[in-house]
$ cat work.pdb   # PDB, C-alpha atoms, pLDDT in the B column
MODEL        1
ATOM      1  CA  MET R1309      91.567-129.374 -85.622  1.00 54.00           C
ATOM      2  CA  SER R1310      90.150-127.582 -88.645  1.00 70.00           C
ATOM      3  CA  MET R1311      92.094-125.357 -91.029  1.00 70.00           C
ATOM      4  CA  ASP R1312      90.150-122.397 -89.649  1.00 71.00           C
ATOM      5  CA  ASN R1313      91.610-123.112 -86.198  1.00 82.00           C
ATOM      6  CA  ILE R1314      95.143-123.337 -87.594  1.00 87.00           C
ATOM      7  CA  PHE R1315      94.815-119.973 -89.317  1.00 89.00           C
ATOM      8  CA  GLY R1316      93.164-118.456 -86.244  1.00 87.00           C
ATOM      9  CA  ILE R1317      95.756-119.694 -83.788  1.00 89.00           C
ATOM     10  CA  ALA R1318      98.626-118.574 -86.024  1.00 92.00           C
ATOM     11  CA  GLY R1319      96.841-115.234 -86.446  1.00 90.00           C
ATOM     12  CA  THR R1320      96.695-114.680 -82.695  1.00 90.00           C
ATOM     13  CA  ALA R1321     100.421-115.447 -82.514  1.00 93.00           C
ATOM     14  CA  LEU R1322     101.155-112.976 -85.336  1.00 95.00           C
ATOM     15  CA  ASN R1323      99.219-110.290 -83.487  1.00 94.00           C
ATOM     16  CA  ALA R1324     101.057-111.031 -80.231  1.00 95.00           C
ATOM     17  CA  GLN R1325     104.478-110.868 -81.886  1.00 96.00           C
ATOM     18  CA  LEU R1326     103.551-107.646 -83.684  1.00 97.00           C
ATOM     19  CA  THR R1327     102.630-106.118 -80.320  1.00 96.00           C
ATOM     20  CA  ARG R1328     105.953-107.346 -78.923  1.00 97.00           C
ATOM     21  CA  MET R1329     107.800-105.728 -81.846  1.00 97.00           C
ATOM     22  CA  ASN R1330     105.905-102.445 -81.346  1.00 97.00           C
ATOM     23  CA  ALA R1331     106.843-102.420 -77.654  1.00 97.00           C
ATOM     24  CA  THR R1332     110.479-103.009 -78.581  1.00 97.00           C
ATOM     25  CA  ALA R1333     110.387-100.157 -81.104  1.00 97.00           C
ATOM     26  CA  SER R1334     108.905 -97.860 -78.453  1.00 97.00           C
ATOM     27  CA  ASN R1335     111.564 -98.892 -75.953  1.00 97.00           C
ATOM     28  CA  LEU R1336     114.358 -98.210 -78.442  1.00 97.00           C
ATOM     29  CA  ALA R1337     112.828 -94.855 -79.386  1.00 97.00           C
ATOM     30  CA  ASN R1338     112.879 -93.818 -75.722  1.00 97.00           C
ATOM     31  CA  ALA R1339     116.311 -95.279 -74.914  1.00 95.00           C
ATOM     32  CA  GLY R1340     118.040 -91.902 -74.885  1.00 92.00           C
ATOM     33  CA  THR R1341     115.513 -89.940 -72.880  1.00 95.00           C
ATOM     34  CA  VAL R1342     116.176 -88.493 -69.437  1.00 95.00           C
ATOM     35  CA  ALA R1343     113.928 -87.228 -66.670  1.00 95.00           C
ATOM     36  CA  GLY R1344     114.327 -85.047 -63.611  1.00 93.00           C
ATOM     37  CA  SER R1345     113.118 -87.723 -61.193  1.00 93.00           C
ATOM     38  CA  GLU R1346     113.165 -91.485 -60.904  1.00 93.00           C
ATOM     39  CA  LYS R1347     109.375 -91.537 -60.970  1.00 93.00           C
ATOM     40  CA  ASP R1348     109.251 -89.704 -64.330  1.00 94.00           C
ATOM     41  CA  ALA R1349     111.949 -91.786 -66.047  1.00 96.00           C
ATOM     42  CA  PHE R1350     110.782 -93.952 -68.945  1.00 97.00           C
ATOM     43  CA  ARG R1351     110.617 -97.655 -68.157  1.00 97.00           C
ATOM     44  CA  ALA R1352     110.814-100.346 -70.818  1.00 97.00           C
ATOM     45  CA  LYS R1353     107.473-101.934 -71.666  1.00 97.00           C
ATOM     46  CA  ARG R1354     107.020-105.688 -71.963  1.00 96.00           C
ATOM     47  CA  PRO R1355     103.910-107.466 -73.250  1.00 97.00           C
ATOM     48  CA  VAL R1356     102.630-110.247 -71.020  1.00 96.00           C
ATOM     49  CA  PHE R1357     101.192-113.095 -73.094  1.00 94.00           C
ATOM     50  CA  LYS R1358      98.420-115.390 -71.975  1.00 91.00           C
ATOM     51  CA  ALA R1359      97.741-118.768 -73.555  1.00 88.00           C
ATOM     52  CA  LEU R1360      94.122-119.454 -74.432  1.00 84.00           C
ATOM     53  CA  VAL R1361      93.796-122.964 -73.037  1.00 79.00           C
ATOM     54  CA  ASP R1362      90.029-123.378 -72.750  1.00 71.00           C
ATOM     55  CA  GLU R1363      86.776-121.998 -74.183  1.00 66.00           C
ATOM     56  CA  GLN R1364      86.166-119.718 -71.189  1.00 61.00           C
ATOM     57  CA  MET R1365      89.340-117.746 -71.947  1.00 59.00           C
ATOM     58  CA  THR R1366      88.415-116.896 -75.540  1.00 58.00           C
ATOM     59  CA  ASN R1367      86.602-113.810 -76.734  1.00 61.00           C
ATOM     60  CA  ALA R1368      85.902-111.963 -79.969  1.00 49.00           C
ATOM     61  CA  GLY R1369      89.474-110.622 -80.146  1.00 51.00           C
ATOM     62  CA  ALA R1370      91.122-114.052 -79.819  1.00 52.00           C
ATOM     63  CA  SER R1371      88.540-116.737 -80.348  1.00 61.00           C
ATOM     64  CA  TYR R1372      90.716-119.816 -80.795  1.00 64.00           C
ATOM     65  CA  VAL R1373      91.622-122.253 -78.035  1.00 73.00           C
ATOM     66  CA  GLY R1374      95.347-122.826 -78.354  1.00 79.00           C
ATOM     67  CA  GLY R1375      96.018-119.241 -79.394  1.00 85.00           C
ATOM     68  CA  VAL R1376      97.620-116.444 -77.446  1.00 89.00           C
ATOM     69  CA  LYS R1377      96.556-112.977 -76.406  1.00 88.00           C
ATOM     70  CA  ILE R1378      98.187-109.974 -74.811  1.00 92.00           C
ATOM     71  CA  ASP R1379      97.127-110.040 -71.179  1.00 92.00           C
ATOM     72  CA  ARG R1380      98.665-106.649 -70.356  1.00 95.00           C
ATOM     73  CA  MET R1381     101.681-104.412 -70.860  1.00 97.00           C
ATOM     74  CA  ALA R1382     104.053-104.370 -67.883  1.00 97.00           C
ATOM     75  CA  ASP R1383     106.888-102.013 -66.997  1.00 96.00           C
ATOM     76  CA  ASP R1384     110.365-103.524 -66.760  1.00 94.00           C
ATOM     77  CA  THR R1385     111.289-103.628 -63.066  1.00 93.00           C
ATOM     78  CA  ALA R1386     114.945-102.629 -63.522  1.00 94.00           C
ATOM     79  CA  PRO R1387     115.604 -99.256 -61.874  1.00 94.00           C
ATOM     80  CA  PRO R1388     116.435 -96.210 -64.027  1.00 95.00           C
ATOM     81  CA  ARG R1389     120.079 -95.123 -64.080  1.00 94.00           C
ATOM     82  CA  ARG R1390     120.978 -92.012 -62.077  1.00 95.00           C
ATOM     83  CA  VAL R1391     123.635 -89.895 -63.807  1.00 95.00           C
ATOM     84  CA  SER R1392     125.327 -86.690 -62.689  1.00 95.00           C
ATOM     85  CA  ASP R1393     124.608 -83.960 -65.242  1.00 94.00           C
ATOM     86  CA  PRO R1394     124.256 -80.652 -63.381  1.00 94.00           C
ATOM     87  CA  LYS R1395     124.099 -78.610 -66.608  1.00 94.00           C
ATOM     88  CA  ASN R1396     121.032 -80.464 -67.857  1.00 94.00           C
ATOM     89  CA  PRO R1397     117.876 -78.366 -67.420  1.00 94.00           C
ATOM     90  CA  LEU R1398     116.035 -81.473 -66.179  1.00 93.00           C
ATOM     91  CA  ALA R1399     118.579 -82.139 -63.400  1.00 93.00           C
ATOM     92  CA  ASP R1400     117.264 -82.339 -59.852  1.00 93.00           C
ATOM     93  CA  GLU R1401     118.580 -80.195 -56.976  1.00 93.00           C
ATOM     94  CA  GLN R1402     121.639 -82.485 -56.577  1.00 94.00           C
ATOM     95  CA  GLY R1403     122.446 -82.257 -60.313  1.00 94.00           C
ATOM     96  CA  TYR R1404     121.260 -85.732 -61.291  1.00 96.00           C
ATOM     97  CA  VAL R1405     119.120 -86.858 -64.200  1.00 96.00           C
ATOM     98  CA  TYR R1406     117.489 -90.269 -64.521  1.00 96.00           C
ATOM     99  CA  GLN R1407     117.993 -92.269 -67.688  1.00 96.00           C
ATOM    100  CA  THR R1408     115.659 -94.977 -68.892  1.00 96.00           C
ATOM    101  CA  ASN R1409     116.109 -98.583 -67.855  1.00 96.00           C
ATOM    102  CA  VAL R1410     116.153 -99.591 -71.532  1.00 96.00           C
ATOM    103  CA  SER R1411     119.078-101.780 -72.539  1.00 95.00           C
ATOM    104  CA  GLU R1412     119.680-101.570 -76.289  1.00 96.00           C
ATOM    105  CA  VAL R1413     121.236-105.049 -76.286  1.00 97.00           C
ATOM    106  CA  THR R1414     118.179-106.552 -74.585  1.00 95.00           C
ATOM    107  CA  GLU R1415     115.878-104.747 -77.007  1.00 97.00           C
ATOM    108  CA  MET R1416     117.790-106.036 -80.031  1.00 97.00           C
ATOM    109  CA  VAL R1417     117.503-109.599 -78.694  1.00 97.00           C
ATOM    110  CA  GLU R1418     113.764-109.024 -78.111  1.00 96.00           C
ATOM    111  CA  MET R1419     113.395-107.673 -81.647  1.00 97.00           C
ATOM    112  CA  MET R1420     115.179-110.652 -83.207  1.00 97.00           C
ATOM    113  CA  ALA R1421     113.140-113.112 -81.126  1.00 97.00           C
ATOM    114  CA  ALA R1422     109.858-111.396 -82.034  1.00 97.00           C
ATOM    115  CA  ALA R1423     110.796-111.315 -85.732  1.00 97.00           C
ATOM    116  CA  ARG R1424     111.743-114.998 -85.669  1.00 98.00           C
ATOM    117  CA  SER R1425     108.522-115.988 -83.898  1.00 96.00           C
ATOM    118  CA  TYR R1426     106.545-113.932 -86.410  1.00 97.00           C
ATOM    119  CA  GLN R1427     108.333-115.687 -89.308  1.00 97.00           C
ATOM    120  CA  ASN R1428     107.621-119.092 -87.762  1.00 97.00           C
ATOM    121  CA  ASN R1429     103.907-118.349 -87.598  1.00 95.00           C
ATOM    122  CA  VAL R1430     103.853-117.065 -91.181  1.00 96.00           C
ATOM    123  CA  GLU R1431     105.433-120.389 -92.129  1.00 97.00           C
ATOM    124  CA  VAL R1432     102.654-122.240 -90.267  1.00 94.00           C
ATOM    125  CA  ILE R1433     100.066-120.345 -92.325  1.00 94.00           C
ATOM    126  CA  ASN R1434     101.928-121.002 -95.583  1.00 95.00           C
ATOM    127  CA  THR R1435     102.249-124.717 -94.820  1.00 94.00           C
ATOM    128  CA  ALA R1436      98.556-125.016 -93.932  1.00 92.00           C
ATOM    129  CA  ARG R1437      97.639-123.197 -97.157  1.00 92.00           C
ATOM    130  CA  GLN R1438      99.852-125.533 -99.193  1.00 93.00           C
ATOM    131  CA  LEU R1439      98.263-128.581 -97.559  1.00 90.00           C
ATOM    132  CA  MET R1440      94.822-127.195 -98.320  1.00 88.00           C
ATOM    133  CA  MET R1441      95.771-126.636-101.964  1.00 90.00           C
ATOM    134  CA  ARG R1442      97.176-130.170-102.276  1.00 89.00           C
ATOM    135  CA  THR R1443      93.974-131.561-100.811  1.00 85.00           C
ATOM    136  CA  LEU R1444      91.955-129.626-103.390  1.00 85.00           C
ATOM    137  CA  ASP R1445      94.198-130.963-106.170  1.00 83.00           C
ATOM    138  CA  LEU R1446      93.537-134.519-104.974  1.00 82.00           C
ATOM    139  CA  THR R1447      89.779-134.030-105.108  1.00 78.00           C
ATOM    140  CA  LYS R1448      90.008-132.823-108.743  1.00 74.00           C
ATOM    141  CA  ALA R1449      91.744-136.013-109.895  1.00 61.00           C
TER     142      ALA R1449
ENDMDL
END

$ encode --input "work.pdb" --output "structure tokens"
Amino acid sequence: MSMDNIFGIAGTALNAQLTRMNATASNLANAGTVAGSEKDAFRAKRPVFKALVDEQMTNAGASYVGGVKIDRMADDTAPPRRVSDPKNPLADEQGYVYQTNVSEVTEMVEMMAAARSYQNNVEVINTARQLMMRTLDLTKA
């Protein structure tokens, strides 16, 4: 495996974790929203990753076998919470509003996991760079 592949694979992972962090930020930003119907309630978004395991799966956006790409963004399947709030202008005819299915605790765990994965891949890049620099120092001697 060449150094270019190492940097490319780690780069695809950085991009994937950044997308995961953006989805988490969006979920947290919408955690307090309500809607007048279950259909209109915000649902947490989750990125679905896909491993690039052979040449046929790669493309210009993620061209390294062994990397990862975002396959799609999926809605969390947990149902929105129905809360009685008859004074809310968004309340339905029975006086209910529908809160998001976002769990702040889950989102904080997602954020910490994404940040840690991002840090791990930065460390991969730093280690590969250090190895490259040591190799260059050996060739000078």

$ residues_around --input "work.pdb" --residues "Asn1330 (chain R)" --least-positions-apart "2" --cutoff "12 Å" --atoms "all atoms listed in the file" --output "PyMOL selection string"
chain R and resi 1323-1328+1332-1337+1352-1355+1381+1415+1418-1419+1422-1423

$ resolve_selection --input "work.pdb" --expression "the PyMOL selection byres ((chain R and resi 1339-1351) around 8)" --output "ChimeraX atom specification"
/R:1335-1338,1352-1353,1383-1385,1388,1390,1398-1400,1404-1412

$ residues_around --input "work.pdb" --residues "Ile1378 (chain R)" --least-positions-apart "2" --cutoff "6 Å" --atoms "all atoms listed in the file" --output "ChimeraX atom specification"
/R:1356-1357,1380

$ residues_around --input "work.pdb" --residues "Gln1402 (chain R)" --least-positions-apart "4" --cutoff "10 Å" --atoms "only C-alpha atoms" --output "mmCIF file with C-alpha atoms, in the frame of the given file"
data_model
loop_
_atom_site.group_PDB
_atom_site.id
_atom_site.type_symbol
_atom_site.label_atom_id
_atom_site.label_comp_id
_atom_site.auth_asym_id
_atom_site.auth_seq_id
_atom_site.Cartn_x
_atom_site.Cartn_y
_atom_site.Cartn_z
ATOM 1 C CA SER R 1392 125.327 -86.690 -62.689
ATOM 2 C CA ASP R 1393 124.608 -83.960 -65.242
ATOM 3 C CA PRO R 1394 124.256 -80.652 -63.381
#

$ residues_around --input "work.pdb" --residues "Gly1374 (chain R)" --least-positions-apart "3" --cutoff "8 Å" --atoms "all atoms listed in the file" --output "number ranges by chain"
R: 1317, 1359-1362

$ write_last_selection --input "work.pdb" --atoms "C-alpha atoms" --output "PDB file, in the frame of the given file"
ATOM      1  CA  ILE R1317      95.756-119.694 -83.788  1.00 89.00           C
ATOM      2  CA  ALA R1359      97.741-118.768 -73.555  1.00 88.00           C
ATOM      3  CA  LEU R1360      94.122-119.454 -74.432  1.00 84.00           C
ATOM      4  CA  VAL R1361      93.796-122.964 -73.037  1.00 79.00           C
ATOM      5  CA  ASP R1362      90.029-123.378 -72.750  1.00 71.00           C
TER       6      ASP R1362
END

$ atom_distance --input "work.pdb" --atom1 "CA of Ile1314 (chain R)" --atom2 "CA of Lys1448 (chain R)"
23.7 Å

$ resolve_selection --input "work.pdb" --expression "the PyMOL selection byres ((chain R and resi 1311) around 12)" --output "PDB file with C-alpha atoms, in the frame of the given file"
ATOM      1  CA  MET R1309      91.567-129.374 -85.622  1.00 54.00           C
ATOM      2  CA  SER R1310      90.150-127.582 -88.645  1.00 70.00           C
ATOM      3  CA  ASP R1312      90.150-122.397 -89.649  1.00 71.00           C
ATOM      4  CA  ASN R1313      91.610-123.112 -86.198  1.00 82.00           C
ATOM      5  CA  ILE R1314      95.143-123.337 -87.594  1.00 87.00           C
ATOM      6  CA  PHE R1315      94.815-119.973 -89.317  1.00 89.00           C
ATOM      7  CA  GLY R1316      93.164-118.456 -86.244  1.00 87.00           C
ATOM      8  CA  ILE R1317      95.756-119.694 -83.788  1.00 89.00           C
ATOM      9  CA  ALA R1318      98.626-118.574 -86.024  1.00 92.00           C
ATOM     10  CA  TYR R1372      90.716-119.816 -80.795  1.00 64.00           C
ATOM     11  CA  VAL R1432     102.654-122.240 -90.267  1.00 94.00           C
ATOM     12  CA  ILE R1433     100.066-120.345 -92.325  1.00 94.00           C
ATOM     13  CA  ASN R1434     101.928-121.002 -95.583  1.00 95.00           C
ATOM     14  CA  THR R1435     102.249-124.717 -94.820  1.00 94.00           C
ATOM     15  CA  ALA R1436      98.556-125.016 -93.932  1.00 92.00           C
ATOM     16  CA  ARG R1437      97.639-123.197 -97.157  1.00 92.00           C
ATOM     17  CA  GLN R1438      99.852-125.533 -99.193  1.00 93.00           C
ATOM     18  CA  LEU R1439      98.263-128.581 -97.559  1.00 90.00           C
ATOM     19  CA  MET R1440      94.822-127.195 -98.320  1.00 88.00           C
ATOM     20  CA  MET R1441      95.771-126.636-101.964  1.00 90.00           C
ATOM     21  CA  THR R1443      93.974-131.561-100.811  1.00 85.00           C
TER      22      THR R1443
END

$ resolve_selection --input "work.pdb" --expression "the PyMOL selection byres ((chain R and resi 1376) around 6)" --output "PyMOL selection string"
chain R and resi 1320-1321+1358-1360+1375+1377

$ decode --input "work.pdb" --residues "region 1335-1359 of chain R" --atoms "N, CA, C and O atoms" --output "PDB file, in the first residue's frame"
ATOM      1  N   ASN R1335     -29.200  17.574  14.164  1.00  0.00           N
ATOM      2  CA  ASN R1335     -30.153  16.920  15.068  1.00  0.00           C
ATOM      3  C   ASN R1335     -30.298  17.698  16.366  1.00  0.00           C
ATOM      4  O   ASN R1335     -31.417  17.929  16.847  1.00  0.00           O
ATOM      5  N   LEU R1336     -29.174  18.128  16.944  1.00  0.00           N
ATOM      6  CA  LEU R1336     -29.233  18.890  18.189  1.00  0.00           C
ATOM      7  C   LEU R1336     -29.902  20.249  17.982  1.00  0.00           C
ATOM      8  O   LEU R1336     -30.636  20.724  18.855  1.00  0.00           O
ATOM      9  N   ALA R1337     -29.665  20.865  16.843  1.00  0.00           N
ATOM     10  CA  ALA R1337     -30.288  22.160  16.553  1.00  0.00           C
ATOM     11  C   ALA R1337     -31.799  22.039  16.453  1.00  0.00           C
ATOM     12  O   ALA R1337     -32.531  22.976  16.783  1.00  0.00           O
ATOM     13  N   ASN R1338     -32.286  20.896  16.024  1.00  0.00           N
ATOM     14  CA  ASN R1338     -33.727  20.681  15.850  1.00  0.00           C
ATOM     15  C   ASN R1338     -34.370  19.939  17.019  1.00  0.00           C
ATOM     16  O   ASN R1338     -35.553  19.599  16.960  1.00  0.00           O
ATOM     17  N   ALA R1339     -33.617  19.706  18.082  1.00  0.00           N
ATOM     18  CA  ALA R1339     -34.114  18.894  19.200  1.00  0.00           C
ATOM     19  C   ALA R1339     -35.328  19.510  19.883  1.00  0.00           C
ATOM     20  O   ALA R1339     -36.166  18.787  20.407  1.00  0.00           O
ATOM     21  N   GLY R1340     -35.462  20.799  19.877  1.00  0.00           N
ATOM     22  CA  GLY R1340     -36.566  21.439  20.581  1.00  0.00           C
ATOM     23  C   GLY R1340     -37.736  21.833  19.705  1.00  0.00           C
ATOM     24  O   GLY R1340     -38.660  22.495  20.175  1.00  0.00           O
ATOM     25  N   THR R1341     -37.729  21.420  18.467  1.00  0.00           N
ATOM     26  CA  THR R1341     -38.806  21.824  17.567  1.00  0.00           C
ATOM     27  C   THR R1341     -40.040  20.949  17.754  1.00  0.00           C
ATOM     28  O   THR R1341     -39.954  19.815  18.209  1.00  0.00           O
ATOM     29  N   VAL R1342     -41.194  21.521  17.415  1.00  0.00           N
ATOM     30  CA  VAL R1342     -42.451  20.777  17.465  1.00  0.00           C
ATOM     31  C   VAL R1342     -43.175  20.967  16.141  1.00  0.00           C
ATOM     32  O   VAL R1342     -42.892  21.898  15.387  1.00  0.00           O
ATOM     33  N   ALA R1343     -44.098  20.065  15.874  1.00  0.00           N
ATOM     34  CA  ALA R1343     -44.895  20.131  14.652  1.00  0.00           C
ATOM     35  C   ALA R1343     -46.341  19.798  14.990  1.00  0.00           C
ATOM     36  O   ALA R1343     -46.633  19.218  16.039  1.00  0.00           O
ATOM     37  N   GLY R1344     -47.227  20.146  14.092  1.00  0.00           N
ATOM     38  CA  GLY R1344     -48.649  19.908  14.294  1.00  0.00           C
ATOM     39  C   GLY R1344     -49.101  18.517  13.938  1.00  0.00           C
ATOM     40  O   GLY R1344     -50.223  18.118  14.252  1.00  0.00           O
ATOM     41  N   SER R1345     -48.237  17.735  13.268  1.00  0.00           N
ATOM     42  CA  SER R1345     -48.594  16.361  12.920  1.00  0.00           C
ATOM     43  C   SER R1345     -47.356  15.474  13.018  1.00  0.00           C
ATOM     44  O   SER R1345     -46.229  15.958  12.954  1.00  0.00           O
ATOM     45  N   GLU R1346     -47.612  14.191  13.163  1.00  0.00           N
ATOM     46  CA  GLU R1346     -46.496  13.243  13.258  1.00  0.00           C
ATOM     47  C   GLU R1346     -45.675  13.245  11.977  1.00  0.00           C
ATOM     48  O   GLU R1346     -44.463  13.147  12.000  1.00  0.00           O
ATOM     49  N   LYS R1347     -46.340  13.407  10.861  1.00  0.00           N
ATOM     50  CA  LYS R1347     -45.667  13.401   9.562  1.00  0.00           C
ATOM     51  C   LYS R1347     -44.696  14.579   9.421  1.00  0.00           C
ATOM     52  O   LYS R1347     -43.627  14.448   8.825  1.00  0.00           O
ATOM     53  N   ASP R1348     -45.044  15.727  10.010  1.00  0.00           N
ATOM     54  CA  ASP R1348     -44.221  16.933   9.877  1.00  0.00           C
ATOM     55  C   ASP R1348     -43.131  17.053  10.937  1.00  0.00           C
ATOM     56  O   ASP R1348     -42.297  17.953  10.854  1.00  0.00           O
ATOM     57  N   ALA R1349     -43.143  16.187  11.937  1.00  0.00           N
ATOM     58  CA  ALA R1349     -42.159  16.268  13.018  1.00  0.00           C
ATOM     59  C   ALA R1349     -40.761  15.946  12.479  1.00  0.00           C
ATOM     60  O   ALA R1349     -40.591  15.061  11.632  1.00  0.00           O
ATOM     61  N   PHE R1350     -39.771  16.672  12.990  1.00  0.00           N
ATOM     62  CA  PHE R1350     -38.385  16.434  12.593  1.00  0.00           C
ATOM     63  C   PHE R1350     -37.940  15.066  13.096  1.00  0.00           C
ATOM     64  O   PHE R1350     -38.242  14.675  14.223  1.00  0.00           O
ATOM     65  N   ARG R1351     -37.234  14.359  12.245  1.00  0.00           N
ATOM     66  CA  ARG R1351     -36.661  13.060  12.628  1.00  0.00           C
ATOM     67  C   ARG R1351     -35.144  13.152  12.531  1.00  0.00           C
ATOM     68  O   ARG R1351     -34.613  13.726  11.584  1.00  0.00           O
ATOM     69  N   ALA R1352     -34.473  12.586  13.519  1.00  0.00           N
ATOM     70  CA  ALA R1352     -33.010  12.612  13.544  1.00  0.00           C
ATOM     71  C   ALA R1352     -32.451  11.967  12.283  1.00  0.00           C
ATOM     72  O   ALA R1352     -32.988  10.974  11.785  1.00  0.00           O
ATOM     73  N   LYS R1353     -31.392  12.546  11.773  1.00  0.00           N
ATOM     74  CA  LYS R1353     -30.725  12.041  10.569  1.00  0.00           C
ATOM     75  C   LYS R1353     -29.479  11.260  10.965  1.00  0.00           C
ATOM     76  O   LYS R1353     -28.740  11.656  11.856  1.00  0.00           O
ATOM     77  N   ARG R1354     -29.262  10.154  10.282  1.00  0.00           N
ATOM     78  CA  ARG R1354     -28.087   9.316  10.522  1.00  0.00           C
ATOM     79  C   ARG R1354     -27.408   9.005   9.186  1.00  0.00           C
ATOM     80  O   ARG R1354     -28.063   8.514   8.259  1.00  0.00           O
ATOM     81  N   PRO R1355     -26.093   9.261   9.084  1.00  0.00           N
ATOM     82  CA  PRO R1355     -25.396   8.861   7.869  1.00  0.00           C
ATOM     83  C   PRO R1355     -25.211   7.349   7.839  1.00  0.00           C
ATOM     84  O   PRO R1355     -24.987   6.716   8.872  1.00  0.00           O
ATOM     85  N   VAL R1356     -25.354   6.787   6.656  1.00  0.00           N
ATOM     86  CA  VAL R1356     -25.119   5.353   6.469  1.00  0.00           C
ATOM     87  C   VAL R1356     -23.819   5.234   5.685  1.00  0.00           C
ATOM     88  O   VAL R1356     -23.716   5.702   4.551  1.00  0.00           O
ATOM     89  N   PHE R1357     -22.810   4.638   6.314  1.00  0.00           N
ATOM     90  CA  PHE R1357     -21.496   4.484   5.693  1.00  0.00           C
ATOM     91  C   PHE R1357     -21.446   3.227   4.847  1.00  0.00           C
ATOM     92  O   PHE R1357     -22.134   2.244   5.126  1.00  0.00           O
ATOM     93  N   LYS R1358     -20.595   3.277   3.832  1.00  0.00           N
ATOM     94  CA  LYS R1358     -20.381   2.111   2.986  1.00  0.00           C
ATOM     95  C   LYS R1358     -18.877   1.949   2.783  1.00  0.00           C
ATOM     96  O   LYS R1358     -18.200   2.883   2.362  1.00  0.00           O
ATOM     97  N   ALA R1359     -18.373   0.775   3.097  1.00  0.00           N
ATOM     98  CA  ALA R1359     -16.955   0.489   2.913  1.00  0.00           C
ATOM     99  C   ALA R1359     -16.668   0.272   1.438  1.00  0.00           C
ATOM    100  O   ALA R1359     -17.436  -0.383   0.733  1.00  0.00           O
TER     101      ALA R1359
END
